[in-house]
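Printed here is protein28.cif (mmCIF, C-alpha atoms):
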```
data_upload
#
loop_
_atom_site.label_atom_id
_atom_site.label_comp_id
_atom_site.auth_asym_id
_atom_site.auth_seq_id
_atom_site.Cartn_x
_atom_site.Cartn_y
_atom_site.Cartn_z
CA MET A 1 109.63 71.40 109.81
CA SER A 2 111.07 67.97 110.61
CA GLN A 3 113.55 67.42 113.41
CA ALA A 4 117.23 68.09 112.82
CA ARG A 5 119.55 65.32 111.69
CA LEU A 6 122.03 64.34 114.38
CA MET A 7 125.73 64.76 113.61
CA ASP A 8 127.32 61.54 114.83
CA GLY A 9 130.75 62.42 116.19
CA THR A 10 131.24 58.95 117.64
CA ALA A 11 131.13 57.20 114.27
CA LEU A 12 133.38 59.75 112.56
CA ALA A 13 135.86 59.71 115.44
CA ARG A 14 136.05 55.93 115.21
CA ARG A 15 137.06 56.12 111.56
CA ILE A 16 139.66 58.81 112.27
CA VAL A 17 141.19 56.73 115.06
CA GLU A 18 141.22 53.62 112.88
CA ASP A 19 143.09 55.57 110.21
CA ALA A 20 145.51 56.95 112.81
CA ALA A 21 146.09 53.42 114.14
CA ALA A 22 146.94 52.16 110.66
CA LYS A 23 149.42 55.00 110.16
CA ALA A 24 150.90 54.43 113.63
CA ALA A 25 151.42 50.73 112.84
CA GLY A 26 153.12 51.60 109.57
CA LEU A 27 155.35 54.14 111.26
CA THR A 28 156.28 51.73 114.03
CA GLY A 29 157.06 48.99 111.55
CA ARG A 30 159.21 51.28 109.43
CA THR A 31 161.16 53.02 112.21
CA GLY A 32 160.94 50.59 115.13
CA THR A 33 159.50 53.42 117.26
CA ALA A 34 155.85 53.90 118.20
CA PRO A 35 154.38 57.41 118.30
CA CYS A 36 154.44 58.66 121.90
CA LEU A 37 152.07 61.12 123.55
CA ALA A 38 153.03 62.54 126.95
CA THR A 39 150.11 63.70 129.08
CA VAL A 40 150.81 66.07 131.96
CA LEU A 41 148.19 66.30 134.70
CA VAL A 42 148.47 68.73 137.62
CA GLY A 43 146.41 67.67 140.62
CA ALA A 44 143.49 65.26 140.55
CA ASP A 45 140.49 67.09 139.12
CA PRO A 46 137.91 64.28 138.62
CA ALA A 47 136.88 65.36 135.11
CA SER A 48 140.52 65.70 134.05
CA VAL A 49 141.43 62.31 135.51
CA THR A 50 138.55 60.71 133.61
CA TYR A 51 139.53 62.40 130.34
CA VAL A 52 143.17 61.38 130.69
CA ARG A 53 142.22 57.79 131.44
CA MET A 54 139.97 57.70 128.38
CA GLN A 55 142.66 59.26 126.24
CA ARG A 56 145.29 56.75 127.40
CA ASN A 57 142.94 53.84 126.63
CA ARG A 58 142.37 55.19 123.13
CA CYS A 59 146.13 55.59 122.65
CA ARG A 60 146.74 52.00 123.61
CA LYS A 61 144.12 50.74 121.15
CA ALA A 62 145.60 52.90 118.40
CA GLY A 63 149.17 51.67 118.90
CA ILE A 64 150.32 54.97 120.39
CA GLU A 65 152.55 54.91 123.45
CA SER A 66 151.11 56.96 126.31
CA ARG A 67 153.45 58.47 128.87
CA HIS A 68 151.61 59.88 131.87
CA VAL A 69 153.20 62.60 134.01
CA ALA A 70 151.22 63.16 137.22
CA LEU A 71 152.20 66.26 139.19
CA PRO A 72 150.91 67.34 142.62
CA ALA A 73 148.34 70.13 142.90
CA THR A 74 151.02 72.22 144.65
CA THR A 75 153.18 72.31 141.51
CA THR A 76 154.33 75.85 140.69
CA THR A 77 154.39 77.50 137.28
CA GLY A 78 158.18 77.23 137.22
CA GLU A 79 158.13 73.53 138.06
CA LEU A 80 155.50 72.81 135.41
CA VAL A 81 157.39 74.81 132.79
CA GLY A 82 160.55 72.88 133.62
CA ARG A 83 158.81 69.55 133.18
CA LEU A 84 157.25 70.59 129.87
CA ARG A 85 160.63 71.76 128.58
CA GLU A 86 162.15 68.40 129.52
CA LEU A 87 159.46 66.59 127.56
CA SER A 88 159.92 68.98 124.63
CA ALA A 89 163.62 68.08 124.53
CA ASP A 90 163.01 64.34 124.85
CA PRO A 91 163.32 62.66 121.42
CA GLY A 92 161.24 59.75 122.69
CA VAL A 93 158.20 62.02 123.08
CA HIS A 94 156.45 63.16 119.90
CA GLY A 95 153.41 64.95 121.29
CA ILE A 96 152.58 66.72 124.54
CA LEU A 97 149.18 67.34 126.11
CA LEU A 98 148.93 69.58 129.16
CA GLN A 99 145.57 68.73 130.66
CA HIS A 100 143.68 71.84 131.66
CA PRO A 101 142.63 73.43 133.89
CA VAL A 102 145.90 73.41 135.82
CA GLY A 103 144.85 75.38 138.90
CA ASP A 104 144.42 79.10 139.48
CA HIS A 105 147.89 79.45 141.01
CA ILE A 106 149.57 78.44 137.74
CA ASP A 107 150.08 80.74 134.77
CA GLU A 108 148.51 78.45 132.18
CA ARG A 109 149.62 80.53 129.20
CA THR A 110 153.26 80.46 130.32
CA ALA A 111 152.97 76.69 130.67
CA PHE A 112 151.46 76.27 127.20
CA GLU A 113 154.29 78.28 125.68
CA ALA A 114 156.84 75.85 127.17
CA ILE A 115 155.61 73.15 124.77
CA ALA A 116 157.71 72.89 121.61
CA PRO A 117 155.59 73.81 118.55
CA GLU A 118 156.40 70.55 116.80
CA LYS A 119 155.00 68.64 119.80
CA ASP A 120 151.98 70.86 120.47
CA VAL A 121 149.48 68.26 119.27
CA ASP A 122 146.69 69.87 121.33
CA GLY A 123 147.19 73.13 119.43
CA VAL A 124 147.28 75.40 122.49
CA ALA A 125 150.41 77.54 122.03
CA PHE A 126 150.64 80.92 120.30
CA ALA A 127 152.58 79.40 117.40
CA SER A 128 149.82 76.86 116.75
CA PHE A 129 147.14 79.56 116.86
CA ALA A 130 149.10 81.63 114.35
CA THR A 131 149.71 78.80 111.89
CA MET A 132 146.09 77.68 112.21
CA SER A 133 144.79 81.21 111.63
CA PHE A 134 146.90 81.70 108.52
CA GLY A 135 146.42 78.20 107.11
CA LEU A 136 150.07 77.26 107.49
CA PRO A 137 151.43 73.80 108.42
CA GLY A 138 150.99 73.07 112.10
CA PHE A 139 148.53 71.65 114.58
CA VAL A 140 144.99 72.86 115.12
CA SER A 141 143.30 73.09 118.50
CA CYS A 142 141.73 69.67 118.86
CA THR A 143 138.09 70.50 119.58
CA PRO A 144 137.86 73.23 116.90
CA GLY A 145 139.61 70.95 114.43
CA GLY A 146 137.15 68.20 115.25
CA ILE A 147 134.24 70.59 114.70
CA LEU A 148 135.47 71.46 111.20
CA ARG A 149 135.82 67.76 110.41
CA LEU A 150 132.20 67.24 111.47
CA LEU A 151 131.06 70.04 109.20
CA ASP A 152 132.96 68.46 106.31
CA GLU A 153 131.52 65.03 107.07
CA TYR A 154 127.98 66.36 106.77
CA GLY A 155 128.62 68.46 103.69
CA VAL A 156 128.41 71.84 105.41
CA ASP A 157 130.49 74.39 103.50
CA PRO A 158 131.01 77.48 105.70
CA ALA A 159 131.86 79.70 102.70
CA GLY A 160 129.56 82.69 102.54
CA ARG A 161 127.59 81.61 105.61
CA ARG A 162 127.15 83.63 108.76
CA ALA A 163 128.70 81.79 111.71
CA VAL A 164 128.14 82.83 115.30
CA VAL A 165 130.57 81.53 117.92
CA VAL A 166 129.28 81.82 121.47
CA GLY A 167 132.41 81.79 123.62
CA ARG A 168 135.91 83.19 123.29
CA SER A 169 138.23 80.81 125.13
CA ALA A 170 141.77 80.48 123.85
CA ILE A 171 141.45 76.77 123.11
CA LEU A 172 137.92 76.61 121.70
CA GLY A 173 135.96 79.76 120.90
CA ARG A 174 138.70 81.88 119.38
CA PRO A 175 140.37 79.16 117.31
CA VAL A 176 137.12 77.73 115.91
CA GLY A 177 136.20 81.21 114.74
CA MET A 178 139.53 81.53 112.95
CA LEU A 179 139.10 78.14 111.29
CA LEU A 180 135.64 79.16 110.08
CA LEU A 181 137.00 82.47 108.83
CA ALA A 182 139.68 80.58 106.91
CA ARG A 183 136.83 78.69 105.23
CA ASP A 184 135.29 82.01 104.13
CA ALA A 185 132.52 82.18 106.70
CA THR A 186 131.46 85.57 108.08
CA VAL A 187 132.20 85.12 111.77
CA THR A 188 130.70 86.88 114.78
CA TYR A 189 132.07 86.22 118.25
CA CYS A 190 129.67 86.47 121.18
CA HIS A 191 130.48 86.22 124.87
CA SER A 192 129.31 87.05 128.39
CA ARG A 193 129.19 90.78 127.64
CA THR A 194 127.40 90.52 124.32
CA ARG A 195 124.26 92.62 124.30
CA ASP A 196 121.20 90.78 123.00
CA LEU A 197 122.79 87.40 122.37
CA SER A 198 119.47 86.12 121.03
CA ALA A 199 119.50 88.64 118.18
CA ALA A 200 122.99 87.56 117.13
CA VAL A 201 122.12 83.85 117.22
CA ARG A 202 118.97 84.42 115.17
CA GLU A 203 121.13 85.62 112.25
CA ALA A 204 123.40 82.56 112.25
CA ASP A 205 123.52 79.90 109.56
CA ILE A 206 126.05 78.06 111.77
CA VAL A 207 126.01 78.29 115.56
CA VAL A 208 128.94 77.06 117.64
CA ALA A 209 128.05 77.10 121.34
CA ALA A 210 131.24 77.04 123.41
CA ALA A 211 130.58 79.19 126.46
CA GLY A 212 130.48 76.53 129.17
CA ARG A 213 127.01 77.55 130.34
CA PRO A 214 124.25 74.92 130.29
CA ARG A 215 121.40 75.53 127.82
CA LEU A 216 122.56 79.09 127.15
CA VAL A 217 121.43 78.97 123.51
CA LYS A 218 117.66 78.62 123.24
CA GLY A 219 115.88 76.78 120.48
CA GLN A 220 113.60 79.71 119.82
CA ASP A 221 116.64 81.72 118.72
CA ILE A 222 117.86 79.16 116.19
CA LYS A 223 117.30 80.22 112.61
CA PRO A 224 115.20 77.57 110.83
CA GLY A 225 117.58 75.27 108.98
CA ALA A 226 120.71 76.41 110.82
CA VAL A 227 123.54 74.04 111.71
CA VAL A 228 124.08 73.84 115.48
CA ILE A 229 127.36 72.67 116.99
CA ASP A 230 127.16 72.22 120.75
CA ALA A 231 130.68 72.13 122.20
CA GLY A 232 129.46 72.44 125.79
CA CYS A 233 130.00 69.72 128.35
CA ASN A 234 128.33 70.59 131.62
CA PRO A 235 127.44 68.39 134.60
CA GLY A 236 124.78 65.83 133.81
CA ASN A 237 125.77 65.58 130.13
CA VAL A 238 124.09 68.89 129.39
CA GLY A 239 125.35 71.03 126.53
CA ASP A 240 125.36 74.78 125.98
CA VAL A 241 122.32 74.46 123.71
CA ASP A 242 118.78 73.67 124.82
CA PHE A 243 118.72 70.55 122.67
CA ASP A 244 115.03 69.65 122.93
CA SER A 245 113.90 72.98 121.52
CA ALA A 246 116.82 73.50 119.10
CA VAL A 247 116.34 70.11 117.43
CA GLU A 248 112.92 71.31 116.23
CA ARG A 249 114.43 74.19 114.23
CA ALA A 250 117.95 73.22 113.16
CA SER A 251 118.77 71.15 110.08
CA LEU A 252 121.81 69.53 111.69
CA ILE A 253 122.76 69.40 115.37
CA THR A 254 125.38 67.67 117.51
CA PRO A 255 124.10 65.68 120.49
CA VAL A 256 125.69 65.83 123.94
CA PRO A 257 127.29 63.37 124.48
CA GLY A 258 128.31 61.77 121.20
CA GLY A 259 128.80 64.85 119.06
CA VAL A 260 131.83 67.09 119.49
CA GLY A 261 133.40 65.23 122.43
CA PRO A 262 134.68 62.12 120.62
CA MET A 263 136.17 64.30 117.91
CA THR A 264 138.53 65.99 120.36
CA ILE A 265 140.38 62.80 121.29
CA ALA A 266 140.33 61.54 117.69
CA THR A 267 141.97 64.75 116.49
CA LEU A 268 144.55 64.54 119.28
CA LEU A 269 145.56 61.01 118.30
CA GLU A 270 145.65 61.84 114.60
CA GLN A 271 147.91 64.82 115.25
CA THR A 272 150.18 62.77 117.55
CA VAL A 273 150.81 60.30 114.74
CA ALA A 274 151.43 63.16 112.33
CA ALA A 275 153.89 64.72 114.77
CA ALA A 276 155.76 61.44 115.11
CA ALA A 277 155.92 61.03 111.34
CA ARG A 278 157.58 64.44 111.05
CA GLN A 279 160.07 63.81 113.86
CA LEU A 280 161.15 60.23 113.17
CA PRO A 281 163.66 59.40 110.43
CA ALA A 282 162.11 58.82 107.01
#
```
Written as structure tokens, that's how I'd like the structure from this file.
Amino acid sequence: MSQARLMDGTALARRIVEDAAAKAAGLTGRTGTAPCLATVLVGADPASVTYVRMQRNRCRKAGIESRHVALPATTTTGELVGRLRELSADPGVHGILLQHPVGDHIDERTAFEAIAPEKDVDGVAFASFATMSFGLPGFVSCTPGGILRLLDEYGVDPAGRRAVVVGRSAILGRPVGMLLLARDATVTYCHSRTRDLSAAVREADIVVAAAGRPRLVKGQDIKPGAVVIDAGCNPGNVGDVDFDSAVERASLITPVPGGVGPMTIATLLEQTVAAAARQLPA
């Protein structure tokens, strides 16, 4: 069997951002107001700082105003909730991103719920999960949404296929499973307490690895011809899939980096422009 075809998230993300930039320019020209994304960062986690800087650069290139709110690592849950509520009430802000993780001393879920649903462009609040799960208007979680766009780009129809999601986080594993279910896939969730993970993966037509554990999914367990989505991002640019062995068995596979990662920011910017379009006068 020949090696898997790589799913190029970088190229697709570039087109999505270009489209978002065109819509942002049109919106700004029509209303006199540019879409605005507020990013809230608690502390100075190096990976988070890097992501926020990258995101702000992409915003600038796309004609989206970026408002950065830097809070000290000592910020309490109450203080963070207060700041998020202020941004939610600010008509000059159209989208809000709370960069995570926020620190173990903060109740992250309480913070997420302080973001107004119409500004939850990262798709992290309960309301967004509900609308996403039931196919109602709203915002999807950015990485899962980006994954579905990649599947569409490469002509992968989840309907009738067996999808295995390895990971159950609130912002990645769980929502991507719901999006796949909405596309008529048969979805199995696996996690740290799954017995015989290899057996579950071997049945999958689509594998989404989102556990945050380097090379957890082995190539020998990939069903020949399966589609492999590696949403892991571990130190050293290592994914959750053992790429070198998986590429020999899969039909399509995302590289790390350059696969899922670029799609996350692209989806965030696209949803920020959409949020602004809904909030600004017609």
Please, which residues in range 99-183 of chain A fall within 10 Å of range 40-56 of chain A when counting all atoms listed in the file, and what is the closest atom pair and distance in Å to one decimal for each, ordered by chain then residue number, as JSON lines?
```
{"residue": "A:Gln99", "atom": "CA", "partner": "A:Leu41", "partner_atom": "CA", "distance": 5.4}
{"residue": "A:His100", "atom": "CA", "partner": "A:Ser48", "partner_atom": "CA", "distance": 7.3}
{"residue": "A:Pro101", "atom": "CA", "partner": "A:Ser48", "partner_atom": "CA", "distance": 8.0}
{"residue": "A:Val102", "atom": "CA", "partner": "A:Val42", "partner_atom": "CA", "distance": 5.6}
{"residue": "A:Gly103", "atom": "CA", "partner": "A:Val42", "partner_atom": "CA", "distance": 7.7}
{"residue": "A:Ile106", "atom": "CA", "partner": "A:Val42", "partner_atom": "CA", "distance": 9.8}
```
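Residues in contact with Phe126 in chain A at up to 10 Å, not including ones fewer than 5 positions away on its chain and judged by all atoms listed in the file, are A:Arg109, A:Phe112, A:Glu113, A:Pro117, A:Thr131, A:Met132, A:Ala170.
Counting from CA of Phe134 in chain A, the distance to CA of Pro175 in chain A is 11.2 Å.
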* To do: Could you state which residues are captured by the PyMOL selection byres ((chain A and resi 85-92) around 10) in this file, as a PyMOL selection string?
  => chain A and resi 33-40+65+69+79-84+93-96+111+113-120+276+279-280
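Taking CA of Thr186 in chain A as the reference point, CA of Ile265 in chain A is found at 27.8 Å.
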* **Within 9 Å of Cys142 in chain A using all atoms listed in the file, minus same-chain residues under 2 positions, as a PyMOL selection string** => chain A and resi 121-124+139-140+144-147+171-172+263-268+271
* To do: Can you work out the spacing between CA of Leu12 in chain A and CA of Leu151 in chain A in Å, to one decimal?
  =>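 Going from CA of Leu12 in chain A over to CA of Leu151 in chain A, I get 11.1 Å.
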* For Asp196 in chain A, which residue among A:Val241, A:Ala210, A:Leu181, A:Val217 is the nearest when counting only C-alpha atoms? -> A:Val217
* Structure fact -> Using all atoms listed in the file, the best pick from A:Gly135, A:Pro255, A:Gly212, A:Gly26 as closest to Ser169 in chain A would be A:Gly212
* Asked: With all atoms listed in the file as the atoms that count, which of A:Ala204, A:Ala226, A:Ala13, A:Ala282 lies nearest to Arg149 in chain A?
  ->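 Residue with the minimum atom-to-atom distance to Arg149 in chain A: A:Ala13.
Distance annotation: of A:Asp184, A:Asp230, A:Glu153, A:Asp240, the residue with the minimal separation from Ile16 in chain A is A:Glu153; atom set is all atoms listed in the file.
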With a distance cut-off of 10 Å and all atoms listed in the file, select the neighbouring residues of Leu180 in chain A, excluding the residue or stretch itself and same-chain residues fewer than 3 positions from it, and output the selection as a CSV table (one decimal) with C-alpha atoms, keeping the file's coordinate frame.
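After the write, result_39.csv holds the following:
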```csv
chain,number,residue,atom,x,y,z
A,133,SER,CA,144.8,81.2,111.6
A,144,PRO,CA,137.9,73.2,116.9
A,147,ILE,CA,134.2,70.6,114.7
A,148,LEU,CA,135.5,71.5,111.2
A,157,ASP,CA,130.5,74.4,103.5
A,158,PRO,CA,131.0,77.5,105.7
A,159,ALA,CA,131.9,79.7,102.7
A,161,ARG,CA,127.6,81.6,105.6
A,162,ARG,CA,127.2,83.6,108.8
A,163,ALA,CA,128.7,81.8,111.7
A,164,VAL,CA,128.1,82.8,115.3
A,165,VAL,CA,130.6,81.5,117.9
A,175,PRO,CA,140.4,79.2,117.3
A,176,VAL,CA,137.1,77.7,115.9
A,177,GLY,CA,136.2,81.2,114.7
A,183,ARG,CA,136.8,78.7,105.2
A,184,ASP,CA,135.3,82.0,104.1
A,185,ALA,CA,132.5,82.2,106.7
A,186,THR,CA,131.5,85.6,108.1
A,187,VAL,CA,132.2,85.1,111.8
A,206,ILE,CA,126.0,78.1,111.8
```
* Structure fact -> Residue with the minimum atom-to-atom distance to Leu98 in chain A, picked from A:Thr254, A:Thr74, A:Thr110, A:Ser198 with only C-alpha atoms counted, is A:Thr110
Completion step: range 57-68 of chain A with all heavy atoms as a PDB file, in the frame of the given file:
```
ATOM      1  N   ASN A  57     143.524  55.078 127.162  1.00  0.00           N
ATOM      2  CA  ASN A  57     142.940  53.840 126.630  1.00  0.00           C
ATOM      3  C   ASN A  57     142.862  53.889 125.110  1.00  0.00           C
ATOM      4  O   ASN A  57     143.165  52.908 124.423  1.00  0.00           O
ATOM      5  CB  ASN A  57     141.547  53.618 127.229  1.00  0.00           C
ATOM      6  CG  ASN A  57     141.592  53.191 128.679  1.00  0.00           C
ATOM      7  OD1 ASN A  57     142.591  52.659 129.146  1.00  0.00           O
ATOM      8  ND2 ASN A  57     140.511  53.425 129.408  1.00  0.00           N
ATOM      9  N   ARG A  58     142.467  55.040 124.580  1.00  0.00           N
ATOM     10  CA  ARG A  58     142.370  55.190 123.130  1.00  0.00           C
ATOM     11  C   ARG A  58     143.762  55.101 122.491  1.00  0.00           C
ATOM     12  O   ARG A  58     143.915  54.542 121.403  1.00  0.00           O
ATOM     13  CB  ARG A  58     141.713  56.525 122.773  1.00  0.00           C
ATOM     14  CG  ARG A  58     140.294  56.677 123.284  1.00  0.00           C
ATOM     15  CD  ARG A  58     139.283  55.925 122.446  1.00  0.00           C
ATOM     16  NE  ARG A  58     137.971  55.971 123.063  1.00  0.00           N
ATOM     17  CZ  ARG A  58     137.111  56.984 122.957  1.00  0.00           C
ATOM     18  NH1 ARG A  58     137.448  58.053 122.248  1.00  0.00           N
ATOM     19  NH2 ARG A  58     135.934  56.923 123.534  1.00  0.00           N
ATOM     20  N   CYS A  59     144.753  55.684 123.155  1.00  0.00           N
ATOM     21  CA  CYS A  59     146.130  55.590 122.650  1.00  0.00           C
ATOM     22  C   CYS A  59     146.562  54.152 122.535  1.00  0.00           C
ATOM     23  O   CYS A  59     147.125  53.730 121.511  1.00  0.00           O
ATOM     24  CB  CYS A  59     147.084  56.345 123.586  1.00  0.00           C
ATOM     25  SG  CYS A  59     147.154  58.127 123.361  1.00  0.00           S
ATOM     26  N   ARG A  60     146.309  53.395 123.585  1.00  0.00           N
ATOM     27  CA  ARG A  60     146.740  52.000 123.610  1.00  0.00           C
ATOM     28  C   ARG A  60     146.102  51.227 122.455  1.00  0.00           C
ATOM     29  O   ARG A  60     146.777  50.447 121.769  1.00  0.00           O
ATOM     30  CB  ARG A  60     146.359  51.380 124.955  1.00  0.00           C
ATOM     31  CG  ARG A  60     146.861  49.955 125.148  1.00  0.00           C
ATOM     32  CD  ARG A  60     146.848  49.555 126.616  1.00  0.00           C
ATOM     33  NE  ARG A  60     145.595  49.906 127.284  1.00  0.00           N
ATOM     34  CZ  ARG A  60     145.480  50.871 128.204  1.00  0.00           C
ATOM     35  NH1 ARG A  60     146.529  51.580 128.563  1.00  0.00           N
ATOM     36  NH2 ARG A  60     144.315  51.110 128.780  1.00  0.00           N
ATOM     37  N   LYS A  61     144.813  51.451 122.225  1.00  0.00           N
ATOM     38  CA  LYS A  61     144.120  50.740 121.150  1.00  0.00           C
ATOM     39  C   LYS A  61     144.611  51.168 119.774  1.00  0.00           C
ATOM     40  O   LYS A  61     144.518  50.402 118.808  1.00  0.00           O
ATOM     41  CB  LYS A  61     142.615  50.991 121.269  1.00  0.00           C
ATOM     42  CG  LYS A  61     141.984  50.362 122.507  1.00  0.00           C
ATOM     43  CD  LYS A  61     140.499  50.693 122.603  1.00  0.00           C
ATOM     44  CE  LYS A  61     139.888  50.067 123.850  1.00  0.00           C
ATOM     45  NZ  LYS A  61     138.447  50.424 123.995  1.00  0.00           N
ATOM     46  N   ALA A  62     145.140  52.386 119.694  1.00  0.00           N
ATOM     47  CA  ALA A  62     145.600  52.900 118.400  1.00  0.00           C
ATOM     48  C   ALA A  62     147.090  52.644 118.158  1.00  0.00           C
ATOM     49  O   ALA A  62     147.640  53.090 117.146  1.00  0.00           O
ATOM     50  CB  ALA A  62     145.306  54.391 118.299  1.00  0.00           C
ATOM     51  N   GLY A  63     147.752  51.950 119.071  1.00  0.00           N
ATOM     52  CA  GLY A  63     149.170  51.670 118.900  1.00  0.00           C
ATOM     53  C   GLY A  63     150.056  52.869 119.174  1.00  0.00           C
ATOM     54  O   GLY A  63     151.174  52.961 118.669  1.00  0.00           O
ATOM     55  N   ILE A  64     149.565  53.788 120.004  1.00  0.00           N
ATOM     56  CA  ILE A  64     150.320  54.970 120.390  1.00  0.00           C
ATOM     57  C   ILE A  64     150.759  54.814 121.843  1.00  0.00           C
ATOM     58  O   ILE A  64     149.944  54.526 122.719  1.00  0.00           O
ATOM     59  CB  ILE A  64     149.464  56.247 120.243  1.00  0.00           C
ATOM     60  CG1 ILE A  64     149.061  56.454 118.776  1.00  0.00           C
ATOM     61  CG2 ILE A  64     150.199  57.475 120.773  1.00  0.00           C
ATOM     62  CD1 ILE A  64     148.047  57.558 118.571  1.00  0.00           C
ATOM     63  N   GLU A  65     152.044  54.990 122.077  1.00  0.00           N
ATOM     64  CA  GLU A  65     152.550  54.910 123.450  1.00  0.00           C
ATOM     65  C   GLU A  65     152.056  56.118 124.240  1.00  0.00           C
ATOM     66  O   GLU A  65     152.072  57.252 123.747  1.00  0.00           O
ATOM     67  CB  GLU A  65     154.074  54.889 123.450  1.00  0.00           C
ATOM     68  CG  GLU A  65     154.683  54.771 124.850  1.00  0.00           C
ATOM     69  CD  GLU A  65     156.187  54.859 124.825  1.00  0.00           C
ATOM     70  OE1 GLU A  65     156.800  54.662 123.749  1.00  0.00           O
ATOM     71  OE2 GLU A  65     156.780  55.155 125.887  1.00  0.00           O
ATOM     72  N   SER A  66     151.615  55.878 125.463  1.00  0.00           N
ATOM     73  CA  SER A  66     151.110  56.960 126.310  1.00  0.00           C
ATOM     74  C   SER A  66     151.982  57.075 127.547  1.00  0.00           C
ATOM     75  O   SER A  66     152.075  56.143 128.342  1.00  0.00           O
ATOM     76  CB  SER A  66     149.656  56.677 126.707  1.00  0.00           C
ATOM     77  OG  SER A  66     149.166  57.697 127.550  1.00  0.00           O
ATOM     78  N   ARG A  67     152.620  58.218 127.693  1.00  0.00           N
ATOM     79  CA  ARG A  67     153.450  58.470 128.870  1.00  0.00           C
ATOM     80  C   ARG A  67     152.720  59.466 129.769  1.00  0.00           C
ATOM     81  O   ARG A  67     152.475  60.607 129.365  1.00  0.00           O
ATOM     82  CB  ARG A  67     154.812  59.021 128.461  1.00  0.00           C
ATOM     83  CG  ARG A  67     155.770  59.168 129.653  1.00  0.00           C
ATOM     84  CD  ARG A  67     157.083  59.818 129.248  1.00  0.00           C
ATOM     85  NE  ARG A  67     157.801  59.068 128.214  1.00  0.00           N
ATOM     86  CZ  ARG A  67     159.003  59.421 127.778  1.00  0.00           C
ATOM     87  NH1 ARG A  67     159.608  60.501 128.273  1.00  0.00           N
ATOM     88  NH2 ARG A  67     159.593  58.701 126.841  1.00  0.00           N
ATOM     89  N   HIS A  68     152.387  59.031 130.967  1.00  0.00           N
ATOM     90  CA  HIS A  68     151.610  59.880 131.870  1.00  0.00           C
ATOM     91  C   HIS A  68     152.517  60.525 132.910  1.00  0.00           C
ATOM     92  O   HIS A  68     153.281  59.843 133.585  1.00  0.00           O
ATOM     93  CB  HIS A  68     150.517  59.069 132.564  1.00  0.00           C
ATOM     94  CG  HIS A  68     149.624  59.875 133.449  1.00  0.00           C
ATOM     95  ND1 HIS A  68     149.032  61.044 133.029  1.00  0.00           N
ATOM     96  CD2 HIS A  68     149.230  59.688 134.731  1.00  0.00           C
ATOM     97  CE1 HIS A  68     148.303  61.543 134.023  1.00  0.00           C
ATOM     98  NE2 HIS A  68     148.418  60.747 135.056  1.00  0.00           N
TER      99      HIS A  68
END
```
